$ cat structure.tsv   # TSV, C-alpha atoms
chain	number	residue	atom	x	y	z
Z	1168	MET	CA	15.79	10.41	35.64
Z	1169	SER	CA	17.73	7.23	36.45
Z	1170	ALA	CA	16.04	6.70	39.82
Z	1171	ALA	CA	13.21	9.23	39.66
Z	1172	LEU	CA	10.55	6.51	39.64
Z	1173	HIS	CA	12.19	4.02	42.00
Z	1174	GLY	CA	9.46	2.26	43.96
Z	1175	ARG	CA	6.73	3.29	41.54
Z	1176	ILE	CA	4.51	0.68	39.89
Z	1177	ALA	CA	3.37	1.11	36.30
Z	1178	LEU	CA	1.11	-0.84	33.98
Z	1179	VAL	CA	1.63	-0.29	30.27
Z	1180	ALA	CA	-1.33	-1.89	28.54
Z	1181	GLY	CA	-0.34	-2.63	24.96
Z	1182	ALA	CA	3.44	-2.72	25.37
Z	1183	THR	CA	4.43	-5.26	22.75
Z	1184	ARG	CA	5.91	-2.77	20.29
Z	1185	GLY	CA	5.84	0.86	19.17
Z	1186	ALA	CA	4.95	3.56	21.67
Z	1187	GLY	CA	3.99	1.05	24.35
Z	1188	ARG	CA	7.41	-0.56	24.26
Z	1189	GLY	CA	9.17	2.81	24.23
Z	1190	ILE	CA	7.14	3.99	27.21
Z	1191	ALA	CA	7.70	0.81	29.21
Z	1192	VAL	CA	11.46	0.93	28.65
Z	1193	GLU	CA	11.78	4.60	29.60
Z	1194	LEU	CA	9.72	4.07	32.74
Z	1195	GLY	CA	12.13	1.25	33.55
Z	1196	ALA	CA	15.10	3.51	32.86
Z	1197	ALA	CA	13.68	5.84	35.50
Z	1198	GLY	CA	13.59	2.97	38.00
Z	1199	ALA	CA	9.96	1.84	37.87
Z	1200	THR	CA	8.56	-1.65	38.09
Z	1201	VAL	CA	6.58	-2.03	34.87
Z	1202	TYR	CA	3.92	-4.60	34.05
Z	1203	VAL	CA	3.78	-4.97	30.29
Z	1204	THR	CA	0.79	-6.54	28.59
Z	1205	GLY	CA	-0.30	-7.59	25.14
Z	1206	ARG	CA	-1.31	-10.62	23.11
Z	1207	SER	CA	1.98	-11.39	21.35
Z	1208	THR	CA	4.16	-13.73	23.39
Z	1209	ARG	CA	7.06	-16.04	22.66
Z	1210	ARG	CA	4.58	-18.90	22.51
Z	1211	GLN	CA	1.79	-17.28	20.51
Z	1212	ARG	CA	1.41	-14.31	18.18
Z	1213	SER	CA	-1.59	-12.04	17.76
Z	1214	GLU	CA	-3.18	-11.49	14.35
Z	1215	TYR	CA	-0.37	-9.03	13.61
Z	1216	ASP	CA	1.87	-12.08	13.24
Z	1217	ARG	CA	4.96	-10.02	14.06
Z	1218	PRO	CA	8.08	-11.05	15.99
Z	1219	GLU	CA	7.88	-8.54	18.85
Z	1220	THR	CA	6.70	-9.99	22.18
Z	1221	ILE	CA	5.81	-8.72	25.63
Z	1222	GLU	CA	8.60	-10.85	27.10
Z	1223	ASP	CA	11.09	-8.98	24.92
Z	1224	THR	CA	9.69	-5.69	26.18
Z	1225	ALA	CA	9.93	-6.83	29.80
Z	1226	ASP	CA	13.57	-7.82	29.27
Z	1227	LEU	CA	14.31	-4.38	27.82
Z	1228	VAL	CA	12.68	-2.72	30.83
Z	1229	THR	CA	14.92	-4.70	33.17
Z	1230	GLU	CA	18.02	-4.02	31.08
Z	1231	ALA	CA	17.21	-0.30	31.25
Z	1232	GLY	CA	17.33	-0.37	35.06
Z	1233	GLY	CA	13.77	-1.13	36.11
Z	1234	ARG	CA	11.90	-4.37	36.61
Z	1235	GLY	CA	9.86	-5.65	33.71
Z	1236	ILE	CA	7.03	-8.13	34.25
Z	1237	ALA	CA	5.25	-9.57	31.21
Z	1238	VAL	CA	1.62	-10.61	31.62
Z	1239	PRO	CA	-0.20	-11.94	28.53
Z	1240	THR	CA	-3.54	-10.13	28.43
Z	1241	ASP	CA	-6.32	-9.64	25.94
Z	1242	HIS	CA	-7.77	-6.30	27.03
Z	1243	LEU	CA	-11.08	-7.08	25.35
Z	1244	ASP	CA	-11.61	-9.83	27.92
Z	1245	PRO	CA	-12.78	-8.32	31.24
Z	1246	ASP	CA	-11.88	-11.47	33.15
Z	1247	GLN	CA	-8.28	-11.35	31.92
Z	1248	VAL	CA	-7.98	-7.67	32.80
Z	1249	ARG	CA	-9.49	-8.27	36.23
Z	1250	ALA	CA	-6.97	-11.05	36.84
Z	1251	LEU	CA	-4.14	-8.78	35.69
Z	1252	VAL	CA	-5.08	-6.05	38.15
Z	1253	GLU	CA	-5.56	-8.56	40.94
Z	1254	ARG	CA	-2.03	-9.82	40.28
Z	1255	VAL	CA	-0.61	-6.29	40.44
Z	1256	GLU	CA	-2.48	-5.71	43.68
Z	1257	ALA	CA	-1.29	-8.99	45.20
Z	1258	GLU	CA	2.34	-8.49	44.20
Z	1259	GLN	CA	2.70	-4.74	44.69
Z	1260	GLY	CA	-0.26	-3.44	46.68
Z	1261	ARG	CA	-0.44	-0.31	44.54
Z	1262	LEU	CA	-0.52	1.11	41.02
Z	1263	ASP	CA	0.96	4.53	40.31
Z	1264	VAL	CA	0.91	4.83	36.52
Z	1265	LEU	CA	-1.53	3.38	34.00
Z	1266	VAL	CA	-0.76	3.78	30.31
Z	1267	ASN	CA	-3.60	2.79	27.99
Z	1268	ASP	CA	-1.80	2.16	24.71
Z	1269	ILE	CA	-3.93	-0.71	23.37
Z	1270	TRP	CA	-4.49	-0.25	19.65
Z	1271	GLY	CA	-4.11	-3.14	17.20
Z	1272	GLY	CA	-5.78	-1.38	14.29
Z	1273	GLU	CA	-3.10	-0.93	11.62
Z	1274	ASN	CA	-4.56	-3.68	9.43
Z	1275	LEU	CA	-8.19	-2.72	10.00
Z	1276	PHE	CA	-8.74	0.81	8.68
Z	1277	GLU	CA	-8.95	1.63	4.99
Z	1278	TRP	CA	-7.49	4.97	3.89
Z	1279	ASN	CA	-9.85	7.66	2.67
Z	1280	LEU	CA	-12.89	5.42	2.25
Z	1281	PRO	CA	-16.26	6.78	3.43
Z	1282	VAL	CA	-18.09	4.80	6.07
Z	1283	TRP	CA	-20.47	3.18	3.57
Z	1284	GLU	CA	-17.56	1.77	1.56
Z	1285	HIS	CA	-15.33	0.79	4.50
Z	1286	ASP	CA	-15.43	-2.84	5.58
Z	1287	LEU	CA	-17.90	-2.75	8.47
Z	1288	ASP	CA	-16.55	-5.73	10.39
Z	1289	LYS	CA	-13.03	-4.30	10.29
Z	1290	GLY	CA	-14.25	-0.87	11.35
Z	1291	LEU	CA	-16.20	-2.18	14.31
Z	1292	ARG	CA	-13.30	-4.42	15.32
Z	1293	LEU	CA	-11.03	-1.36	15.25
Z	1294	LEU	CA	-13.35	0.53	17.58
Z	1295	ARG	CA	-13.48	-2.39	19.98
Z	1296	LEU	CA	-9.69	-2.70	20.05
Z	1297	ALA	CA	-9.01	1.03	20.29
Z	1298	VAL	CA	-11.78	2.23	22.59
Z	1299	GLU	CA	-13.50	-0.64	24.39
Z	1300	THR	CA	-10.16	-2.02	25.61
Z	1301	HIS	CA	-9.35	1.31	27.26
Z	1302	ALA	CA	-12.70	1.38	29.04
Z	1303	ILE	CA	-12.33	-2.19	30.31
Z	1304	THR	CA	-8.79	-1.56	31.54
Z	1305	SER	CA	-9.68	1.68	33.30
Z	1306	HIS	CA	-12.75	0.12	34.91
Z	1307	HIS	CA	-10.66	-2.56	36.58
Z	1308	ALA	CA	-7.38	-0.71	37.19
Z	1309	LEU	CA	-8.48	2.69	38.45
Z	1310	PRO	CA	-9.68	1.61	41.91
Z	1311	LEU	CA	-6.17	0.33	42.61
Z	1312	LEU	CA	-4.55	3.44	41.16
Z	1313	LEU	CA	-6.75	5.66	43.33
Z	1314	ARG	CA	-5.68	3.87	46.49
Z	1315	ASN	CA	-2.72	6.25	46.74
Z	1316	GLU	CA	-2.80	9.94	45.89
Z	1317	GLY	CA	-0.84	11.16	42.87
Z	1318	GLY	CA	-1.66	8.45	40.34
Z	1319	LEU	CA	-1.29	9.13	36.62
Z	1320	VAL	CA	-3.31	7.79	33.67
Z	1321	VAL	CA	-1.97	8.32	30.16
Z	1322	GLU	CA	-4.34	7.73	27.24
Z	1323	MET	CA	-2.27	7.21	24.08
Z	1324	THR	CA	-3.70	8.51	20.83
Z	1325	ASP	CA	-2.68	9.95	17.46
Z	1326	GLY	CA	-2.96	13.70	17.05
Z	1327	THR	CA	-3.64	16.51	19.46
Z	1328	ALA	CA	-7.17	17.59	20.32
Z	1329	GLU	CA	-6.64	20.82	18.37
Z	1330	TYR	CA	-5.33	19.07	15.25
Z	1331	ASN	CA	-7.90	16.29	15.24
Z	1332	ARG	CA	-10.75	18.74	15.78
Z	1333	ASP	CA	-10.09	20.38	12.42
Z	1334	THR	CA	-8.56	17.52	10.42
Z	1335	TYR	CA	-10.08	14.45	8.80
Z	1336	ARG	CA	-8.02	11.50	10.09
Z	1337	ASN	CA	-7.87	8.82	7.37
Z	1338	SER	CA	-11.31	7.23	7.72
Z	1339	TYR	CA	-14.53	7.31	9.73
Z	1340	PHE	CA	-13.41	4.55	12.07
Z	1341	TYR	CA	-9.83	5.75	12.57
Z	1342	ASP	CA	-10.97	9.31	13.19
Z	1343	LEU	CA	-13.62	8.21	15.66
Z	1344	ALA	CA	-11.21	5.96	17.53
Z	1345	LYS	CA	-8.61	8.68	18.04
Z	1346	ALA	CA	-11.19	11.29	18.96
Z	1347	SER	CA	-12.72	8.89	21.48
Z	1348	VAL	CA	-9.39	8.40	23.25
Z	1349	LEU	CA	-8.86	12.15	23.44
Z	1350	ARG	CA	-12.29	12.54	24.99
Z	1351	THR	CA	-11.59	9.64	27.34
Z	1352	ALA	CA	-8.69	11.56	28.86
Z	1353	PHE	CA	-10.87	14.65	29.26
Z	1354	VAL	CA	-13.61	12.66	31.00
Z	1355	LEU	CA	-11.15	10.80	33.22
Z	1356	GLY	CA	-9.64	14.13	34.19
Z	1357	HIS	CA	-13.01	15.14	35.62
Z	1358	GLU	CA	-13.47	11.83	37.40
Z	1359	LEU	CA	-9.92	11.41	38.72
Z	1360	GLY	CA	-8.92	14.99	39.49
Z	1361	PRO	CA	-11.14	15.43	42.58
Z	1362	ARG	CA	-9.86	12.06	43.80
Z	1363	GLY	CA	-6.19	13.01	43.71
Z	1364	ALA	CA	-5.12	11.55	40.36
Z	1365	THR	CA	-4.35	12.93	36.91
Z	1366	ALA	CA	-5.40	11.84	33.43
Z	1367	VAL	CA	-3.95	13.10	30.16
Z	1368	ALA	CA	-4.07	12.26	26.46
Z	1369	LEU	CA	-0.67	11.95	24.83
Z	1370	THR	CA	0.34	11.66	21.20
Z	1371	PRO	CA	3.73	10.90	19.71
Z	1372	GLY	CA	4.66	12.50	16.42
Z	1373	TRP	CA	5.47	10.53	13.30
Z	1374	MET	CA	6.97	7.61	15.13
Z	1375	ARG	CA	9.62	5.25	13.84
Z	1376	SER	CA	7.92	2.14	15.18
Z	1377	GLU	CA	8.95	-1.33	14.12
Z	1378	ILE	CA	6.02	-1.46	11.70
Z	1379	MET	CA	6.76	1.94	10.19
Z	1380	LEU	CA	10.44	1.13	9.66
Z	1381	ASP	CA	9.44	-2.13	7.96
Z	1382	GLN	CA	7.01	-0.31	5.69
Z	1383	PHE	CA	9.81	1.96	4.49
Z	1384	GLY	CA	12.30	-0.89	4.27
Z	1385	VAL	CA	14.76	0.78	6.65
Z	1386	THR	CA	16.14	0.30	10.16
Z	1387	GLU	CA	16.56	2.76	12.98
Z	1388	ARG	CA	20.17	3.18	11.90
Z	1389	THR	CA	19.30	3.80	8.24
Z	1390	TRP	CA	15.95	5.59	8.65
Z	1391	ARG	CA	17.01	8.66	6.71
Z	1392	ALA	CA	17.05	6.56	3.54
Z	1393	ALA	CA	13.25	6.71	3.73
Z	1394	LEU	CA	13.35	10.46	3.01
Z	1395	GLU	CA	13.75	9.73	-0.69
Z	1396	ARG	CA	10.30	8.13	-0.64
Z	1397	GLU	CA	8.70	10.43	1.95
Z	1398	PRO	CA	10.61	13.67	2.61
Z	1399	HIS	CA	8.37	14.69	5.53
Z	1400	PHE	CA	9.63	11.65	7.43
Z	1401	CYS	CA	12.43	14.04	8.42
Z	1402	ILE	CA	10.31	15.06	11.41
Z	1403	SER	CA	9.99	11.47	12.70
Z	1404	GLU	CA	10.94	10.36	16.19
Z	1405	THR	CA	11.78	7.14	18.02
Z	1406	PRO	CA	9.35	5.43	20.43
Z	1407	SER	CA	11.76	6.39	23.21
Z	1408	TYR	CA	10.82	10.04	22.77
Z	1409	VAL	CA	7.21	9.61	23.83
Z	1410	GLY	CA	8.48	7.17	26.48
Z	1411	ARG	CA	10.57	9.95	27.96
Z	1412	ALA	CA	7.51	12.18	27.90
Z	1413	VAL	CA	5.59	9.69	30.05
Z	1414	ALA	CA	8.53	9.25	32.42
Z	1415	ALA	CA	8.77	13.02	32.83
Z	1416	LEU	CA	5.06	13.29	33.58
Z	1417	ALA	CA	5.23	10.43	36.08
Z	1418	ALA	CA	8.15	12.07	37.90
Z	1419	ASP	CA	6.57	15.54	38.02
Z	1420	PRO	CA	5.18	16.35	41.50
Z	1421	GLN	CA	3.00	18.98	39.83
Z	1422	VAL	CA	1.64	16.71	37.09
Z	1423	SER	CA	-1.91	17.63	38.05
Z	1424	ARG	CA	-1.44	20.91	36.14
Z	1425	TRP	CA	-1.95	18.85	32.98
Z	1426	ASN	CA	-5.13	17.12	34.14
Z	1427	GLY	CA	-7.60	16.44	31.33
Z	1428	GLN	CA	-5.38	17.98	28.67
Z	1429	SER	CA	-4.16	16.83	25.27
Z	1430	LEU	CA	-0.35	16.70	25.14
Z	1431	SER	CA	2.35	15.74	22.65
Z	1432	SER	CA	5.87	14.36	22.97
Z	1433	GLY	CA	7.32	17.37	21.16
Z	1434	GLY	CA	5.41	19.85	23.28
Z	1435	LEU	CA	6.41	18.21	26.55
Z	1436	ALA	CA	10.06	18.08	25.47
Z	1437	GLN	CA	10.06	21.88	25.45
Z	1438	VAL	CA	8.73	21.91	29.04
Z	1439	TYR	CA	10.74	19.11	30.63
Z	1440	GLY	CA	13.94	19.35	28.58
Z	1441	PHE	CA	14.25	15.72	27.49
Z	1442	THR	CA	15.43	14.80	24.00
Z	1443	ASP	CA	15.07	11.96	21.55
Z	1444	LEU	CA	17.88	9.41	21.34
Z	1445	ASP	CA	19.81	11.57	18.86
Z	1446	GLY	CA	19.67	14.63	21.13
Z	1447	SER	CA	17.05	16.45	19.05
Z	1448	ARG	CA	13.56	17.61	20.06
Z	1449	PRO	CA	11.25	16.95	17.09
Z	1450	ASP	CA	7.96	18.82	17.33
Z	1451	ALA	CA	5.80	16.98	14.82
Z	1452	TRP	CA	2.47	18.52	15.77
Z	1453	ARG	CA	3.82	21.98	15.01
Z	1454	TYR	CA	5.56	20.80	11.83
Z	1455	ILE	CA	2.64	18.86	10.33
Z	1456	PRO	CA	0.15	21.77	10.04
Z	1457	GLU	CA	2.78	24.44	9.37
Z	1458	VAL	CA	4.87	22.57	6.79
Z	1459	GLN	CA	3.40	19.24	5.64
Z	1460	ASP	CA	-0.29	20.16	5.48
Z	1461	ALA	CA	0.58	23.62	4.19
Z	1462	GLY	CA	2.19	22.04	1.13
Z	1463	LYS	CA	5.66	23.40	1.84
Z	1464	PRO	CA	8.86	21.50	0.97
Z	1465	ALA	CA	10.01	19.12	3.69
Z	1466	ASP	CA	12.40	20.86	6.02
Z	1467	ALA	CA	12.65	20.05	9.74
Z	1468	ALA	CA	14.89	23.05	10.49
Z	1469	GLY	CA	13.42	24.85	13.47
Z	1470	TYR	CA	11.19	21.88	14.30
Z	1471	ARG	CA	13.71	19.52	15.85
$ encode --input "structure.tsv" --output "structure tokens"
Amino acid sequence: MSAALHGRIALVAGATRGAGRGIAVELGAAGATVYVTGRSTRRQRSEYDRPETIEDTADLVTEAGGRGIAVPTDHLDPDQVRALVERVEAEQGRLDVLVNDIWGGENLFEWNLPVWEHDLDKGLRLLRLAVETHAITSHHALPLLLRNEGGLVVEMTDGTAEYNRDTYRNSYFYDLAKASVLRTAFVLGHELGPRGATAVALTPGWMRSEIMLDQFGVTERTWRAALEREPHFCISETPSYVGRAVAALAADPQVSRWNGQSLSSGGLAQVYGFTDLDGSRPDAWRYIPEVQDAGKPADAAGYR
């Protein structure tokens, strides 16, 4: 994969941390030029008030072998998104991969509260950040992506279409946000497919993001210490894993076979043969219903 995407131009919207950062870096490792966007910069933090920045992500992309370009962007502001796409067009003349990973909702949803008890302002803000941003970004970026045949759009979500269809996901607003992104990929598949491009929804498994590691008080090196507190964390994966899934999709000349579908990092690993950083292939969306939700003791044997 080291040069599989040489000459390809990607935009990872929401690349400050987590899956977005992992995706941007792995696209860079495959040789792509990657525009990375978000609101957290070295000069100003978003309301997350965390240390990760888009400049750091861009540096990691370049270190991996690609070219990282950081562009501060609030994807709720159509003018900023329009300017972002105009910059990509002016500098590159094309866009081959769009990853919509804008989220920003960790501090906004309230676990297991019905809609009438959930803070309304936080819930509506979550929907704006998780859904409206994707619509704004697609509206402005897709004409450029469609300029050349073979473009790929990846809508990042949490949970597969099958799992989310039958499972209550934390709260009214969280559930609606993730379902909306899944449906977005389905709709874009219908709109892009006849025009020579592909859209998919993609979910990581239980991801060891910077925020998740902090919540457990561990690092990537010591993550297994978190199993004492949450044994099912044994199925977790790094952000690089879903990043490798996106890189594999972007390099696949037959990627259109996935158009409109809901995919997972673990499922794609079985098809494309990539692994997580430790050489394993965790399949969280098989493990979660079969082991965790079934009330069985935590045991990742056969699932990674």
$ closest_residue --input "structure.tsv" --among "Z:Pro1310, Z:Gly1189, Z:Trp1278, Z:Phe1340" --to "Leu1291 of chain Z" --atoms "all atoms listed in the file"
Z:Phe1340
$ atom_distance --input "structure.tsv" --atom1 "atom CA of Gly1317 of chain Z" --atom2 "atom CA of Leu1359 of chain Z"
10.0 Å
$ atom_distance --input "structure.tsv" --atom1 "atom CA of Glu1377 of chain Z" --atom2 "atom CA of Leu1194 of chain Z"
19.4 Å
$ residues_near_point --input "structure.tsv" --point "(-0.1, 11.0, 29.4)" --cutoff "6 Å" --atoms "all atoms listed in the file" --output "PyMOL selection string"
chain Z and resi 1321-1322+1367-1369+1413
$ closest_residue --input "structure.tsv" --among "Z:Val1255, Z:Cys1401, Z:Ala1177, Z:Leu1262" --to "Ala1191 of chain Z" --atoms "only C-alpha atoms"
Z:Ala1177
$ residues_near_point --input "structure.tsv" --point "(-2.1, -2.4, 46.0)" --cutoff "12 Å" --atoms "all atoms listed in the file" --output "PyMOL selection string"
chain Z and resi 1175-1177+1252-1263+1308-1315
$ residues_around --input "structure.tsv" --residues "segment 1220-1231 of chain Z" --least-positions-apart "3" --cutoff "10 Å" --atoms "only C-alpha atoms" --output "ChimeraX atom specification"
/Z:1169,1181-1184,1187-1213,1217,1234-1240
$ closest_residue --input "structure.tsv" --among "Z:Lys1463, Z:His1399, Z:Arg1411, Z:Arg1332" --to "Ser1431 of chain Z" --atoms "all atoms listed in the file"
Z:Arg1411
$ atom_distance --input "structure.tsv" --atom1 "atom CA of Trp1270 of chain Z" --atom2 "atom CA of Gln1459 of chain Z"
25.3 Å
$ closest_residue --input "structure.tsv" --among "Z:Val1422, Z:Ala1250, Z:Leu1343, Z:Leu1172" --to "Asp1325 of chain Z" --atoms "only C-alpha atoms"
Z:Leu1343
$ residues_around --input "structure.tsv" --residues "Trp1425 of chain Z" --least-positions-apart "2" --cutoff "8 Å" --atoms "all atoms listed in the file" --output "number ranges by chain"
Z: 1365-1367, 1422-1423, 1427-1428
$ closest_residue --input "structure.tsv" --among "Z:Ala1186, Z:Gly1433, Z:Ile1303, Z:Pro1398" --to "Gly1462 of chain Z" --atoms "all atoms listed in the file"
Z:Pro1398
$ residues_around --input "structure.tsv" --residues "Glu1457 of chain Z" --least-positions-apart "3" --cutoff "12 Å" --atoms "only C-alpha atoms" --output "short mmCIF file (atom, residue, chain, number, x, y, z; two decimals) with C-alpha atoms, in the coordinates of the input"
data_model
loop_
_atom_site.label_atom_id
_atom_site.label_comp_id
_atom_site.auth_asym_id
_atom_site.auth_seq_id
_atom_site.Cartn_x
_atom_site.Cartn_y
_atom_site.Cartn_z
CA TYR Z 1330 -5.33 19.07 15.25
CA HIS Z 1399 8.37 14.69 5.53
CA ASP Z 1450 7.96 18.82 17.33
CA ALA Z 1451 5.80 16.98 14.82
CA TRP Z 1452 2.47 18.52 15.77
CA ARG Z 1453 3.82 21.98 15.01
CA TYR Z 1454 5.56 20.80 11.83
CA ASP Z 1460 -0.29 20.16 5.48
CA ALA Z 1461 0.58 23.62 4.19
CA GLY Z 1462 2.19 22.04 1.13
CA LYS Z 1463 5.66 23.40 1.84
CA PRO Z 1464 8.86 21.50 0.97
CA ALA Z 1465 10.01 19.12 3.69
CA ASP Z 1466 12.40 20.86 6.02
CA ALA Z 1467 12.65 20.05 9.74
CA GLY Z 1469 13.42 24.85 13.47
CA TYR Z 1470 11.19 21.88 14.30
#
$ closest_residue --input "structure.tsv" --among "Z:Glu1214, Z:Phe1400, Z:Ala1297, Z:Tyr1439" --to "Ala1414 of chain Z" --atoms "only C-alpha atoms"
Z:Tyr1439
$ axis_aligned_box --input "structure.tsv" --around "segment 1438-1457 of chain Z" --padding-each-side "5 Å" --output "AutoDock Vina command-line options"
--center_x 10.0 --center_y 16.9 --center_z 20.0 --size_x 29.7 --size_y 25.0 --size_z 31.3
$ residues_around --input "structure.tsv" --residues "Leu1293 of chain Z" --least-positions-apart "4" --cutoff "12 Å" --atoms "all atoms listed in the file" --output "MDAnalysis selection string"
chainID Z and resid 1243 1269:1277 1285:1289 1297:1300 1338:1345
$ build_atoms --input "structure.tsv" --residues "segment 1372-1384 of chain Z" --atoms "N, CA, C and O atoms" --output "PDB file, in the frame of the given file"
ATOM      1  N   GLY Z1372       4.704  11.974  17.775  1.00  0.00           N
ATOM      2  CA  GLY Z1372       4.660  12.500  16.420  1.00  0.00           C
ATOM      3  C   GLY Z1372       4.691  11.356  15.432  1.00  0.00           C
ATOM      4  O   GLY Z1372       4.170  10.271  15.698  1.00  0.00           O
ATOM      5  N   TRP Z1373       5.319  11.592  14.289  1.00  0.00           N
ATOM      6  CA  TRP Z1373       5.470  10.530  13.300  1.00  0.00           C
ATOM      7  C   TRP Z1373       6.540   9.579  13.820  1.00  0.00           C
ATOM      8  O   TRP Z1373       7.721   9.878  13.774  1.00  0.00           O
ATOM      9  N   MET Z1374       6.106   8.461  14.327  1.00  0.00           N
ATOM     10  CA  MET Z1374       6.970   7.610  15.130  1.00  0.00           C
ATOM     11  C   MET Z1374       7.616   6.507  14.289  1.00  0.00           C
ATOM     12  O   MET Z1374       6.947   5.848  13.495  1.00  0.00           O
ATOM     13  N   ARG Z1375       8.903   6.309  14.530  1.00  0.00           N
ATOM     14  CA  ARG Z1375       9.620   5.250  13.840  1.00  0.00           C
ATOM     15  C   ARG Z1375       9.439   3.932  14.592  1.00  0.00           C
ATOM     16  O   ARG Z1375      10.376   3.380  15.182  1.00  0.00           O
ATOM     17  N   SER Z1376       8.223   3.438  14.560  1.00  0.00           N
ATOM     18  CA  SER Z1376       7.920   2.140  15.180  1.00  0.00           C
ATOM     19  C   SER Z1376       8.492   1.031  14.323  1.00  0.00           C
ATOM     20  O   SER Z1376       8.917   1.243  13.185  1.00  0.00           O
ATOM     21  N   GLU Z1377       8.469  -0.174  14.865  1.00  0.00           N
ATOM     22  CA  GLU Z1377       8.950  -1.330  14.120  1.00  0.00           C
ATOM     23  C   GLU Z1377       8.169  -1.495  12.815  1.00  0.00           C
ATOM     24  O   GLU Z1377       8.744  -1.792  11.759  1.00  0.00           O
ATOM     25  N   ILE Z1378       6.858  -1.304  12.880  1.00  0.00           N
ATOM     26  CA  ILE Z1378       6.020  -1.460  11.700  1.00  0.00           C
ATOM     27  C   ILE Z1378       6.315  -0.379  10.668  1.00  0.00           C
ATOM     28  O   ILE Z1378       6.413  -0.649   9.464  1.00  0.00           O
ATOM     29  N   MET Z1379       6.480   0.858  11.115  1.00  0.00           N
ATOM     30  CA  MET Z1379       6.760   1.940  10.190  1.00  0.00           C
ATOM     31  C   MET Z1379       8.112   1.757   9.504  1.00  0.00           C
ATOM     32  O   MET Z1379       8.243   1.956   8.282  1.00  0.00           O
ATOM     33  N   LEU Z1380       9.123   1.374  10.256  1.00  0.00           N
ATOM     34  CA  LEU Z1380      10.440   1.130   9.660  1.00  0.00           C
ATOM     35  C   LEU Z1380      10.352   0.020   8.612  1.00  0.00           C
ATOM     36  O   LEU Z1380      10.948   0.120   7.531  1.00  0.00           O
ATOM     37  N   ASP Z1381       9.596  -1.028   8.921  1.00  0.00           N
ATOM     38  CA  ASP Z1381       9.440  -2.130   7.960  1.00  0.00           C
ATOM     39  C   ASP Z1381       8.737  -1.657   6.697  1.00  0.00           C
ATOM     40  O   ASP Z1381       9.078  -2.075   5.585  1.00  0.00           O
ATOM     41  N   GLN Z1382       7.739  -0.794   6.861  1.00  0.00           N
ATOM     42  CA  GLN Z1382       7.010  -0.310   5.690  1.00  0.00           C
ATOM     43  C   GLN Z1382       7.919   0.476   4.747  1.00  0.00           C
ATOM     44  O   GLN Z1382       7.751   0.421   3.523  1.00  0.00           O
ATOM     45  N   PHE Z1383       8.874   1.190   5.308  1.00  0.00           N
ATOM     46  CA  PHE Z1383       9.810   1.960   4.490  1.00  0.00           C
ATOM     47  C   PHE Z1383      11.034   1.142   4.078  1.00  0.00           C
ATOM     48  O   PHE Z1383      11.869   1.622   3.313  1.00  0.00           O
ATOM     49  N   GLY Z1384      11.158  -0.065   4.612  1.00  0.00           N
ATOM     50  CA  GLY Z1384      12.300  -0.890   4.270  1.00  0.00           C
ATOM     51  C   GLY Z1384      13.615  -0.387   4.821  1.00  0.00           C
ATOM     52  O   GLY Z1384      14.674  -0.557   4.201  1.00  0.00           O
TER      53      GLY Z1384
END
